[in-house]
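Enquirer: Please read through the structure below; I'll follow up with questions.
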Amino acid sequence: MDEETPLLNRRKTSPESQISNSKLYLAVFSAVLGNFSFGYSMVYSSPVLPKLKSPDADPRLRMDTEQAAWFGSIYTLGAAAGGLGAMLLNDMIGRKLSIMMSAVPSTIGYMLLGGAVDLWMLHVGRFLTGVAGGMTAASIPVYISEISHKAVRGALGSCPQITAVFGALSLYALGLVVPWRWLAVAGGLPAVLMVVLMVFMPRSPRRLLSLGREEQAERALRWLRGSHYDTHIELSIIQHSINTQGRVTWSQLATPIYYRPIIISVVMRFLQQMTGITPILVYLEPIFAQSKVSLEPRYDAALVGVVRLFSVAVAAVLMDKVGRKALLYTSSLLMFLSTLTLTMISHTTACPPGPAPPNVTESLVYSSHNDGGNTTAGLIPVISTMVFIFGYAMGWGPITWLLMSEVLPLVARGVASGLCVTVSWLTAFMLTHAFTHLVDSYGLYVPYLCFMVVCVLCLLFNALCIPETRGRSLEEIENYFRTGRTFTITRSNSTAQSS
């Protein structure tokens, strides 16, 4: 075959038909246990804060408004710190070891939460579980994208979001029957299991090739693809991609192959958080309490968790069938319609009587909302929130993680993914902390209005800036940014040219 023939047009029916995915699925399962712990820990404050705010709480642990706001938001500050740490660890010790290292702050954090006898232990424990969440968010999507082949990378790329959602749902469900200290004990188990399983999993073949360890890379790839798979073609494509990049310099960052995918990834993570998903999940029960829903807020929160899990599963099925951009369009539209509805409802919701404005963490008191209001009207906030969560979890939730791991150039993937996670969680921290004060001053109307505007920006950004990566290898995606308009790889003088 002529050397100028595009690799995309080669029909590698024999090697691809010999792929066995069983061990690949095992490696992905082992890694995403870290995301389960991440989803579990992120929403830990939702069922726990009502107990810590109640008059029956331990006086040493009882929280006022500002302390509750910090308990809800400090997790995201820890996640930002974890993202910064992952920037260094991903390239220093590799993706696999970075994932395993996240179990250290996670375990210590849950020990502090479960055994807390003072407020500082609760806040430090929450911060450390956030650090672990930031590390996993920066490392696991990259690891999965680098060990997967393009036929299943879309579905497997959504697994971090699926397991994070399942972790959150588990927390909501356990919170209905388990004391809050035992919630912390249960939260530490997935991280321990993750470390045990990851010991037996291979390192990323792309990472090993970039270090010049060809034999180890071949063994890792054969383990992932099966003993009957011919690894030569895939390894040569990966090696070609590495050879065309070399080491990145600051001057090279000004070229489109580097700055375009990094900017796309950073802006996507920024917009993902600005939709309001983190404060909505963190303060889900008090939001429902203020919205005067017809069911108890804790049951509504569990129902939203079920919807969120279902929508992520739908996204995993459709990811490689309808494409990333179509799901992002649908996601943005659903979030826009739901936030528009929530904005209109919250604007017409009367404020509680009294000299002080309503407060999402104190004056709501996470308490009784039985006021004899209209049952149908009480269901509208729940349904709208479910639509918002459904829209987010089938598009901007999983696809943002997946695209980050797909479009970032290999030579800068470790550092750039850490940068994306850091920007994401710094945004989440500022938004989550400000959310309580916005609701305190203006009610839910202003935050929902801001989230609605962001959803419009998400639509525009998807239309103008995000490429469709369905069915493309990581090397073809890199070639898209190198050439500007084509995914096709050609080999000529060790460079990629457009066809």
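By order in the structure tokens, chains are A, B, ...; within a chain, residues start at 1; ligands start at 1, following the order shown.
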Hey, what's within 10 Å of Glu406 of chain A if we count only C-alpha atoms and toss same-chain stuff fewer than 6 positions away? As a ChimeraX atom specification, please?

Expert: /A:141-142,145-146,153-154,157,261,265,400,413,469,472-475,477-478

Enquirer: Mind checking which residues fall within 8 Å of Cys159 of chain A, counting only C-alpha atoms, ignoring those fewer than 5 positions away in the same chain, and posting them as a ChimeraX atom specification?

Expert: /A:28,32,316,398

Enquirer: Could those selected residues go to a file with all heavy atoms, as an mmCIF file, in the first residue's frame?

Expert:
data_model
loop_
_atom_site.group_PDB
_atom_site.id
_atom_site.type_symbol
_atom_site.label_atom_id
_atom_site.label_comp_id
_atom_site.auth_asym_id
_atom_site.auth_seq_id
_atom_site.Cartn_x
_atom_site.Cartn_y
_atom_site.Cartn_z
ATOM 1 N N VAL A 28 -10.821 -0.377 32.840
ATOM 2 C CA VAL A 28 -11.658 0.814 32.962
ATOM 3 C C VAL A 28 -12.459 0.770 34.262
ATOM 4 O O VAL A 28 -12.552 1.770 34.985
ATOM 5 C CB VAL A 28 -12.596 0.932 31.744
ATOM 6 C CG1 VAL A 28 -13.622 2.049 31.965
ATOM 7 C CG2 VAL A 28 -11.794 1.204 30.479
ATOM 8 N N VAL A 32 -12.348 3.652 37.197
ATOM 9 C CA VAL A 32 -13.484 4.535 37.477
ATOM 10 C C VAL A 32 -14.060 4.355 38.869
ATOM 11 O O VAL A 32 -14.966 5.106 39.263
ATOM 12 C CB VAL A 32 -14.604 4.349 36.420
ATOM 13 C CG1 VAL A 32 -14.115 4.747 35.043
ATOM 14 C CG2 VAL A 32 -15.144 2.929 36.440
ATOM 15 N N ALA A 316 -24.075 7.268 27.087
ATOM 16 C CA ALA A 316 -23.064 6.255 26.775
ATOM 17 C C ALA A 316 -23.463 5.428 25.568
ATOM 18 O O ALA A 316 -22.625 5.070 24.731
ATOM 19 C CB ALA A 316 -22.846 5.356 27.995
ATOM 20 N N PRO A 398 -20.759 14.143 30.610
ATOM 21 C CA PRO A 398 -19.768 13.156 30.171
ATOM 22 C C PRO A 398 -18.924 13.602 28.987
ATOM 23 O O PRO A 398 -17.738 13.267 28.910
ATOM 24 C CB PRO A 398 -20.634 11.942 29.798
ATOM 25 C CG PRO A 398 -21.967 12.506 29.450
ATOM 26 C CD PRO A 398 -22.145 13.682 30.358
#

Enquirer: What's around segment 93-102 of chain A at 7 Å? Count only C-alpha atoms, leave out sequence neighbours fewer than 4 positions away in its own chain, and write the answer as a PyMOL selection string.

Expert: chain A and resi 86+89+106+132+135-136+139-140+143+195+203

Enquirer: Output N, CA, C and O atoms of each residue in that selection to a file, as an mmCIF file, in the first residue's frame.

Expert:
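Okay, selection-v8.cif is ready:
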data_model
loop_
_atom_site.group_PDB
_atom_site.id
_atom_site.type_symbol
_atom_site.label_atom_id
_atom_site.label_comp_id
_atom_site.auth_asym_id
_atom_site.auth_seq_id
_atom_site.Cartn_x
_atom_site.Cartn_y
_atom_site.Cartn_z
ATOM 1 N N ALA A 86 -2.332 17.012 39.963
ATOM 2 C CA ALA A 86 -2.358 16.067 38.843
ATOM 3 C C ALA A 86 -1.570 16.585 37.655
ATOM 4 O O ALA A 86 -1.027 15.795 36.868
ATOM 5 N N LEU A 89 1.819 15.275 38.639
ATOM 6 C CA LEU A 89 1.905 13.827 38.802
ATOM 7 C C LEU A 89 1.675 13.071 37.499
ATOM 8 O O LEU A 89 2.295 12.028 37.267
ATOM 9 N N SER A 106 -8.169 10.786 49.862
ATOM 10 C CA SER A 106 -9.553 10.328 50.005
ATOM 11 C C SER A 106 -9.751 9.576 51.320
ATOM 12 O O SER A 106 -10.696 9.855 52.073
ATOM 13 N N ALA A 132 -8.751 14.565 46.339
ATOM 14 C CA ALA A 132 -8.817 13.266 45.666
ATOM 15 C C ALA A 132 -9.705 13.343 44.423
ATOM 16 O O ALA A 132 -9.372 12.781 43.367
ATOM 17 N N MET A 135 -7.837 15.043 41.576
ATOM 18 C CA MET A 135 -6.813 14.171 40.999
ATOM 19 C C MET A 135 -7.423 13.140 40.057
ATOM 20 O O MET A 135 -6.908 12.900 38.955
ATOM 21 N N THR A 136 -8.523 12.534 40.488
ATOM 22 C CA THR A 136 -9.157 11.525 39.628
ATOM 23 C C THR A 136 -9.763 12.164 38.381
ATOM 24 O O THR A 136 -9.698 11.579 37.298
ATOM 25 N N SER A 139 -6.933 12.648 35.895
ATOM 26 C CA SER A 139 -6.124 11.493 35.501
ATOM 27 C C SER A 139 -6.918 10.377 34.837
ATOM 28 O O SER A 139 -6.472 9.794 33.848
ATOM 29 N N ILE A 140 -8.093 10.064 35.364
ATOM 30 C CA ILE A 140 -8.833 8.889 34.888
ATOM 31 C C ILE A 140 -9.316 9.044 33.451
ATOM 32 O O ILE A 140 -9.155 8.108 32.648
ATOM 33 N N TYR A 143 -6.339 8.423 31.194
ATOM 34 C CA TYR A 143 -5.941 7.009 31.216
ATOM 35 C C TYR A 143 -6.875 6.173 30.350
ATOM 36 O O TYR A 143 -6.429 5.348 29.543
ATOM 37 N N VAL A 195 -7.401 0.891 44.550
ATOM 38 C CA VAL A 195 -5.951 0.691 44.646
ATOM 39 C C VAL A 195 -5.601 -0.784 44.476
ATOM 40 O O VAL A 195 -4.663 -1.139 43.750
ATOM 41 N N ARG A 203 -0.063 0.009 32.587
ATOM 42 C CA ARG A 203 0.104 1.441 32.385
ATOM 43 C C ARG A 203 -0.322 1.791 30.963
ATOM 44 O O ARG A 203 -0.502 0.920 30.112
#

Enquirer: To one decimal place, how far is atom CA of Ile19 of chain A from atom CA of Tyr229 of chain A in Å?

Expert: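 Answer for the atom CA of Ile19 of chain A to atom CA of Tyr229 of chain A separation: 5.7 Å.
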
Enquirer: Using the chain letters and numbers from this document, which residues of segment 168-227 of chain A does DSSP assign to helix (DSSP H, G or I), as JSON, numbers by chain?

Expert: {"A": [168, 169, 170, 171, 172, 173, 174, 175, 180, 181, 182, 183, 184, 185, 186, 187, 189, 190, 191, 192, 193, 194, 195, 196, 197, 198, 205, 206, 207, 208, 209, 210, 214, 215, 216, 217, 218, 219, 220, 221, 222, 223, 224, 225]}

Enquirer: I'd like the neighbourhood of Gln239 of chain A as a PyMOL selection string, where a residue qualifies if any of its atoms comes within 10 Å (using only C-alpha atoms), though same-chain residues fewer than 2 positions away should be ignored.

Expert: chain A and resi 206+209-210+212+214+233-237+241-244+475

Enquirer: Just to confirm, what's the straight-line distance from atom CA of Ala68 of chain A to atom CA of Val312 of chain A in Å (one decimal)?

Expert: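 Separation between atom CA of Ala68 of chain A and atom CA of Val312 of chain A: 29.7 Å.
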
Enquirer: What's the 12 Å shell around Leu438 of chain A, counting only C-alpha atoms, without same-chain residues fewer than 2 positions away, as a PyMOL selection string?

Expert: chain A and resi 69+279+357-361+430-436+440-450

Enquirer: Limited to N, CA and C atoms, could you put the picked residues into a file as a CSV table (one decimal), in the first residue's frame?

Expert:
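For reference, result_30.csv as written:
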chain,number,residue,atom,x,y,z
A,69,ALA,N,-21.8,27.3,54.3
A,69,ALA,CA,-21.4,27.7,53.0
A,69,ALA,C,-20.0,27.1,52.7
A,279,PRO,N,-23.4,23.8,42.3
A,279,PRO,CA,-24.2,24.3,43.4
A,279,PRO,C,-25.6,23.6,43.5
A,357,PRO,N,-34.0,38.1,54.7
A,357,PRO,CA,-34.3,37.5,53.4
A,357,PRO,C,-34.0,36.0,53.5
A,358,PRO,N,-34.6,35.2,52.6
A,358,PRO,CA,-34.4,33.7,52.7
A,358,PRO,C,-33.0,33.4,52.5
A,359,ASN,N,-32.5,32.4,53.2
A,359,ASN,CA,-31.1,31.9,53.0
A,359,ASN,C,-31.1,30.4,52.7
A,360,VAL,N,-30.3,30.1,51.7
A,360,VAL,CA,-30.4,28.7,51.3
A,360,VAL,C,-29.8,27.7,52.3
A,361,THR,N,-29.0,28.2,53.2
A,361,THR,CA,-28.4,27.2,54.2
A,361,THR,C,-28.9,27.4,55.6
A,430,MET,N,-15.9,29.2,43.4
A,430,MET,CA,-16.4,30.6,43.4
A,430,MET,C,-17.9,30.6,43.2
A,431,LEU,N,-18.4,29.8,42.3
A,431,LEU,CA,-19.9,29.8,42.1
A,431,LEU,C,-20.6,29.2,43.2
A,432,THR,N,-20.1,28.1,43.8
A,432,THR,CA,-20.8,27.4,44.9
A,432,THR,C,-20.8,28.3,46.1
A,433,HIS,N,-19.7,29.0,46.4
A,433,HIS,CA,-19.7,29.8,47.6
A,433,HIS,C,-20.6,31.1,47.4
A,434,ALA,N,-20.5,31.6,46.1
A,434,ALA,CA,-21.3,32.8,45.9
A,434,ALA,C,-22.8,32.5,45.8
A,435,PHE,N,-23.2,31.2,45.5
A,435,PHE,CA,-24.5,30.8,45.3
A,435,PHE,C,-25.4,31.1,46.6
A,436,THR,N,-24.8,30.7,47.7
A,436,THR,CA,-25.5,30.9,49.0
A,436,THR,C,-25.8,32.4,49.2
A,440,ASP,N,-29.4,34.3,49.3
A,440,ASP,CA,-29.6,35.1,50.5
A,440,ASP,C,-30.2,36.4,50.2
A,441,SER,N,-29.6,37.0,49.1
A,441,SER,CA,-30.0,38.4,48.8
A,441,SER,C,-31.1,38.5,47.8
A,442,TYR,N,-31.2,37.6,46.8
A,442,TYR,CA,-32.1,37.7,45.7
A,442,TYR,C,-33.1,36.5,45.5
A,443,GLY,N,-32.9,35.5,46.3
A,443,GLY,CA,-33.6,34.3,46.1
A,443,GLY,C,-33.0,33.5,44.9
A,444,LEU,N,-33.7,32.5,44.5
A,444,LEU,CA,-33.2,31.6,43.4
A,444,LEU,C,-33.3,32.2,42.0
A,445,TYR,N,-34.0,33.3,41.9
A,445,TYR,CA,-34.3,33.9,40.6
A,445,TYR,C,-33.0,34.3,39.9
A,446,VAL,N,-32.1,35.0,40.5
A,446,VAL,CA,-30.9,35.5,39.9
A,446,VAL,C,-29.9,34.4,39.5
A,447,PRO,N,-29.6,33.4,40.4
A,447,PRO,CA,-28.8,32.3,39.9
A,447,PRO,C,-29.3,31.6,38.7
A,448,TYR,N,-30.6,31.3,38.8
A,448,TYR,CA,-31.2,30.5,37.6
A,448,TYR,C,-31.2,31.4,36.3
A,449,LEU,N,-31.3,32.7,36.5
A,449,LEU,CA,-31.2,33.5,35.3
A,449,LEU,C,-29.8,33.5,34.7
A,450,CYS,N,-28.8,33.5,35.6
A,450,CYS,CA,-27.4,33.4,35.1
A,450,CYS,C,-27.2,32.1,34.4

Enquirer: Excluding Gly418 of chain A and residues on its chain fewer than 2 positions from it, collect all residues at most 6 Å away from it, counting only C-alpha atoms, and give them as a ChimeraX atom specification.

Expert: /A:83-84,86-87,138,415-416,420-421

Enquirer: Mind dumping the selected residues with N, CA, C and O atoms as a CSV table (one decimal), in the first residue's frame?

Expert:
chain,number,residue,atom,x,y,z
A,83,GLY,N,-6.4,19.1,41.0
A,83,GLY,CA,-6.1,19.3,39.6
A,83,GLY,C,-4.7,19.8,39.4
A,83,GLY,O,-4.0,19.4,38.5
A,84,LEU,N,-4.3,20.8,40.2
A,84,LEU,CA,-2.9,21.3,40.1
A,84,LEU,C,-1.9,20.2,40.4
A,84,LEU,O,-0.9,20.1,39.7
A,86,ALA,N,-2.3,17.0,40.0
A,86,ALA,CA,-2.4,16.1,38.8
A,86,ALA,C,-1.6,16.6,37.7
A,86,ALA,O,-1.0,15.8,36.9
A,87,MET,N,-1.5,17.9,37.5
A,87,MET,CA,-0.7,18.5,36.4
A,87,MET,C,0.8,18.0,36.5
A,87,MET,O,1.4,17.7,35.5
A,138,ALA,N,-8.7,14.6,36.7
A,138,ALA,CA,-7.6,15.0,35.8
A,138,ALA,C,-6.9,13.8,35.2
A,138,ALA,O,-6.3,13.8,34.1
A,415,VAL,N,-0.3,17.7,31.7
A,415,VAL,CA,-0.3,19.1,32.3
A,415,VAL,C,-1.6,19.8,31.9
A,415,VAL,O,-2.3,20.4,32.7
A,416,ALA,N,-2.0,19.7,30.6
A,416,ALA,CA,-3.2,20.4,30.2
A,416,ALA,C,-4.5,19.9,30.8
A,416,ALA,O,-5.3,20.7,31.2
A,420,CYS,N,-7.1,22.1,33.0
A,420,CYS,CA,-8.6,22.1,32.8
A,420,CYS,C,-9.3,21.8,34.1
A,420,CYS,O,-10.3,22.5,34.4
A,421,VAL,N,-8.9,20.8,34.8
A,421,VAL,CA,-9.6,20.4,36.1
A,421,VAL,C,-9.4,21.6,37.1
A,421,VAL,O,-10.4,21.9,37.8

Enquirer: Using only C-alpha atoms, which of the listed residues (A:Ala79, A:Val48, A:Val306, A:Met63) sits closest to Ala184 of chain A?

Expert: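 Once distances to Ala184 of chain A are computed over only C-alpha atoms, the minimum belongs to A:Val48.
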
Enquirer: One decimal, in Å: what's the spacing between atom CA of Val387 of chain A and atom CA of Met335 of chain A?

Expert: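 Pair atom CA of Val387 of chain A / atom CA of Met335 of chain A returns 7.1 Å.
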
Enquirer: From the list A:Trp223, A:Tyr329, A:Trp425, A:Tyr392, which residue is nearest Ser204 of chain A when using only C-alpha atoms?

Expert: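 Under the stated criterion, the closest residue is A:Trp223.
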